Amino acid sequence: MNGRADFREPNAEVRRPIPHIGADYIPTEEERRVFAECNEESFWFRSVPLAATSMLITQGLISKGILSSHPKYGSIPKLIFACIMGYFAGKLSYVKTCQEKFKNLENSPLGEALRSGQARRSSPPG
(Lines give C-alpha, C1' and ligand atoms only; values in the text may rest on other atoms or scores of the structure.)
Protein backbone atom coordinates (compact mmCIF):
# COMPACT_ATOMS: atom_id res chain seq x y z
CA MET A 1 0.00 0.00 0.00
CA ASN A 2 1.10 3.50 -0.65
CA GLY A 3 -0.34 4.95 2.55
CA ARG A 4 -3.54 6.20 0.86
CA ALA A 5 -6.93 4.77 1.63
CA ASP A 6 -9.01 3.72 -1.38
CA PHE A 7 -12.62 4.58 -0.64
CA ARG A 8 -13.98 3.65 -4.04
CA GLU A 9 -16.43 0.84 -4.26
CA PRO A 10 -15.06 -2.07 -6.29
CA ASN A 11 -18.04 -2.16 -8.69
CA ALA A 12 -18.64 1.59 -8.85
CA GLU A 13 -18.99 3.11 -12.30
CA VAL A 14 -16.13 5.46 -13.06
CA ARG A 15 -17.37 8.59 -14.79
CA ARG A 16 -15.35 9.61 -17.78
CA PRO A 17 -14.81 13.33 -18.28
CA ILE A 18 -17.33 14.93 -20.61
CA PRO A 19 -15.65 16.04 -23.82
CA HIS A 20 -15.64 19.79 -24.33
CA ILE A 21 -17.86 20.62 -27.29
CA GLY A 22 -17.46 24.32 -28.03
CA ALA A 23 -17.47 26.61 -31.02
CA ASP A 24 -14.00 25.37 -31.97
CA TYR A 25 -15.09 21.70 -32.08
CA ILE A 26 -14.38 19.94 -35.38
CA PRO A 27 -16.86 17.10 -36.01
CA THR A 28 -15.67 13.67 -37.11
CA GLU A 29 -16.44 12.37 -40.58
CA GLU A 30 -19.26 10.21 -39.20
CA GLU A 31 -20.74 13.18 -37.32
CA ARG A 32 -20.65 15.25 -40.51
CA ARG A 33 -22.51 12.47 -42.30
CA VAL A 34 -25.19 12.44 -39.57
CA PHE A 35 -25.44 16.26 -39.69
CA ALA A 36 -26.06 16.13 -43.44
CA GLU A 37 -28.53 13.25 -43.05
CA CYS A 38 -30.44 15.09 -40.32
CA ASN A 39 -30.52 18.28 -42.37
CA GLU A 40 -31.89 16.52 -45.43
CA GLU A 41 -34.42 14.39 -43.53
CA SER A 42 -35.70 17.31 -41.47
CA PHE A 43 -36.17 19.33 -44.65
CA TRP A 44 -38.00 16.71 -46.72
CA PHE A 45 -39.91 14.86 -44.00
CA ARG A 46 -40.82 17.70 -41.65
CA SER A 47 -40.20 21.20 -43.04
CA VAL A 48 -41.68 20.79 -46.51
CA PRO A 49 -44.87 19.05 -45.31
CA LEU A 50 -45.43 21.52 -42.46
CA ALA A 51 -44.71 24.55 -44.65
CA ALA A 52 -47.07 23.31 -47.38
CA THR A 53 -49.79 22.40 -44.88
CA SER A 54 -49.57 25.75 -43.10
CA MET A 55 -49.74 27.58 -46.44
CA LEU A 56 -52.80 25.57 -47.52
CA ILE A 57 -54.56 26.22 -44.22
CA THR A 58 -53.70 29.92 -44.38
CA GLN A 59 -54.98 30.20 -47.96
CA GLY A 60 -58.16 28.37 -46.94
CA LEU A 61 -58.70 30.78 -44.05
CA ILE A 62 -58.17 33.75 -46.37
CA SER A 63 -60.56 32.30 -48.97
CA LYS A 64 -63.26 31.79 -46.32
CA GLY A 65 -62.80 35.35 -45.10
CA ILE A 66 -61.57 34.35 -41.64
CA LEU A 67 -58.23 36.01 -42.38
CA SER A 68 -58.14 39.18 -44.43
CA SER A 69 -55.81 39.64 -47.35
CA HIS A 70 -53.59 42.69 -47.68
CA PRO A 71 -55.17 45.44 -49.84
CA LYS A 72 -52.07 45.85 -51.99
CA TYR A 73 -50.23 42.48 -51.80
CA GLY A 74 -53.13 40.07 -51.36
CA SER A 75 -52.52 36.80 -49.54
CA ILE A 76 -48.78 36.63 -50.34
CA PRO A 77 -47.43 38.11 -47.04
CA LYS A 78 -49.51 35.76 -44.90
CA LEU A 79 -48.58 32.77 -47.06
CA ILE A 80 -44.88 33.62 -46.85
CA PHE A 81 -45.16 33.97 -43.07
CA ALA A 82 -47.00 30.62 -42.82
CA CYS A 83 -44.34 28.98 -45.00
CA ILE A 84 -41.47 30.31 -42.87
CA MET A 85 -43.17 29.27 -39.62
CA GLY A 86 -43.89 25.79 -41.03
CA TYR A 87 -40.27 25.46 -42.15
CA PHE A 88 -38.85 26.31 -38.73
CA ALA A 89 -41.46 24.22 -36.92
CA GLY A 90 -40.38 21.27 -39.07
CA LYS A 91 -36.70 21.82 -38.29
CA LEU A 92 -37.38 22.16 -34.56
CA SER A 93 -39.58 19.07 -34.51
CA TYR A 94 -36.67 16.95 -35.76
CA VAL A 95 -34.16 17.96 -33.07
CA LYS A 96 -34.92 15.01 -30.73
CA THR A 97 -34.61 12.54 -33.60
CA CYS A 98 -31.23 13.97 -34.56
CA GLN A 99 -30.03 13.87 -30.96
CA GLU A 100 -30.88 10.17 -30.83
CA LYS A 101 -28.89 9.58 -34.03
CA PHE A 102 -25.86 11.25 -32.47
CA LYS A 103 -26.28 9.33 -29.21
CA ASN A 104 -26.19 6.07 -31.17
CA LEU A 105 -22.81 6.90 -32.76
CA GLU A 106 -19.85 5.02 -31.34
CA ASN A 107 -16.55 6.83 -30.79
CA SER A 108 -18.25 10.21 -31.17
CA PRO A 109 -17.32 13.00 -28.74
CA LEU A 110 -20.59 14.75 -29.60
CA GLY A 111 -22.59 11.57 -28.99
CA GLU A 112 -20.74 11.02 -25.71
CA ALA A 113 -21.53 14.58 -24.60
CA LEU A 114 -25.22 14.06 -25.41
CA ARG A 115 -25.30 10.70 -23.62
CA SER A 116 -23.57 12.01 -20.50
CA GLY A 117 -25.79 15.10 -20.46
CA GLN A 118 -28.85 12.86 -20.54
CA ALA A 119 -27.46 10.66 -17.77
CA ARG A 120 -26.71 13.69 -15.60
CA ARG A 121 -30.26 15.03 -16.00
CA SER A 122 -31.91 11.68 -15.30
CA SER A 123 -29.85 10.78 -12.21
CA PRO A 124 -30.84 12.37 -8.91
CA PRO A 125 -28.36 14.89 -7.51
CA GLY A 126 -26.26 13.55 -4.74
# chains A, B, ... in the order shown; residues from 1 in each chain; ligands from 1
>>> residues_around(residues="stretch 36-48 of chain A", least_positions_apart="6", cutoff="10 Å", atoms="only C-alpha atoms", output="ChimeraX atom specification")
/A:30,54,83-95,97-99,101-102
>>> write_last_selection(atoms="N, CA and C atoms", output="CSV table (one decimal), in the first residue's frame")
chain,number,residue,atom,x,y,z
A,30,GLU,N,-18.0,10.8,-39.5
A,30,GLU,CA,-19.3,10.2,-39.2
A,30,GLU,C,-20.3,11.2,-38.7
A,54,SER,N,-49.2,24.4,-43.7
A,54,SER,CA,-49.6,25.7,-43.1
A,54,SER,C,-50.0,26.8,-44.2
A,83,CYS,N,-45.4,29.9,-44.5
A,83,CYS,CA,-44.3,29.0,-45.0
A,83,CYS,C,-43.1,29.0,-44.1
A,84,ILE,N,-42.7,30.2,-43.7
A,84,ILE,CA,-41.5,30.3,-42.9
A,84,ILE,C,-41.7,29.6,-41.5
A,85,MET,N,-42.9,29.9,-40.9
A,85,MET,CA,-43.2,29.3,-39.6
A,85,MET,C,-43.2,27.7,-39.7
A,86,GLY,N,-43.8,27.2,-40.8
A,86,GLY,CA,-43.9,25.8,-41.0
A,86,GLY,C,-42.5,25.2,-41.2
A,87,TYR,N,-41.6,25.9,-41.9
A,87,TYR,CA,-40.3,25.5,-42.1
A,87,TYR,C,-39.5,25.3,-40.8
A,88,PHE,N,-39.6,26.4,-40.0
A,88,PHE,CA,-38.9,26.3,-38.7
A,88,PHE,C,-39.5,25.3,-37.8
A,89,ALA,N,-40.8,25.2,-37.8
A,89,ALA,CA,-41.5,24.2,-36.9
A,89,ALA,C,-41.0,22.8,-37.3
A,90,GLY,N,-40.9,22.6,-38.6
A,90,GLY,CA,-40.4,21.3,-39.1
A,90,GLY,C,-39.0,21.0,-38.6
A,91,LYS,N,-38.1,22.0,-38.7
A,91,LYS,CA,-36.7,21.8,-38.3
A,91,LYS,C,-36.6,21.6,-36.8
A,92,LEU,N,-37.4,22.3,-36.0
A,92,LEU,CA,-37.4,22.2,-34.6
A,92,LEU,C,-38.0,20.8,-34.1
A,93,SER,N,-38.9,20.3,-34.9
A,93,SER,CA,-39.6,19.1,-34.5
A,93,SER,C,-38.7,17.9,-34.7
A,94,TYR,N,-37.6,18.1,-35.5
A,94,TYR,CA,-36.7,17.0,-35.8
A,94,TYR,C,-35.5,16.9,-34.8
A,95,VAL,N,-35.3,17.9,-33.9
A,95,VAL,CA,-34.2,18.0,-33.1
A,95,VAL,C,-34.0,16.7,-32.2
A,97,THR,N,-35.0,13.7,-32.7
A,97,THR,CA,-34.6,12.5,-33.6
A,97,THR,C,-33.1,12.6,-33.9
A,98,CYS,N,-32.6,13.8,-34.2
A,98,CYS,CA,-31.2,14.0,-34.6
A,98,CYS,C,-30.4,13.7,-33.3
A,99,GLN,N,-30.8,14.1,-32.2
A,99,GLN,CA,-30.0,13.9,-31.0
A,99,GLN,C,-29.9,12.4,-30.7
A,101,LYS,N,-29.8,10.1,-33.0
A,101,LYS,CA,-28.9,9.6,-34.0
A,101,LYS,C,-27.5,9.8,-33.6
A,102,PHE,N,-27.2,11.0,-33.0
A,102,PHE,CA,-25.9,11.2,-32.5
A,102,PHE,C,-25.5,10.4,-31.2
>>> atom_distance(atom1="atom CA of A:Ile62", atom2="atom CA of A:Ser75")
7.2 Å
>>> closest_residue(among="A:Asn107, A:Thr58, A:Arg32, A:Gly117", to="A:Phe81", atoms="only C-alpha atoms")
A:Thr58
>>> residues_around(residues="A:Thr28", least_positions_apart="4", cutoff="10 Å", atoms="only C-alpha atoms", output="list in words")
Arg32, Arg33, Val34, Asn107, Ser108, Pro109 and Leu110 of chain A
>>> atom_distance(atom1="atom CA of A:Lys96", atom2="atom CA of A:Leu79")
27.7 Å
>>> select_by_dssp(residues="stretch 4-122 of chain A", states="helix (DSSP H, G or I)", output="JSON, numbers by chain")
{"A": [29, 30, 31, 32, 33, 34, 35, 36, 37, 38, 39, 40, 41, 42, 43, 44, 45, 46, 47, 48, 49, 50, 51, 52, 53, 54, 55, 56, 57, 58, 59, 60, 61, 62, 63, 64, 76, 77, 78, 79, 80, 81, 82, 83, 84, 85, 86, 87, 88, 89, 90, 91, 92, 93, 95, 96, 97, 98, 99, 100, 101, 102, 103, 109, 110, 111, 112, 113, 114, 115, 116, 117, 118, 119, 120, 121, 122]}
>>> residues_around(residues="A:Lys103", least_positions_apart="3", cutoff="8 Å", atoms="only C-alpha atoms", output="ChimeraX atom specification")
/A:99-100,110-112,114-115
>>> atom_distance(atom1="atom CA of A:Leu56", atom2="atom CA of A:Ile80")
11.3 Å
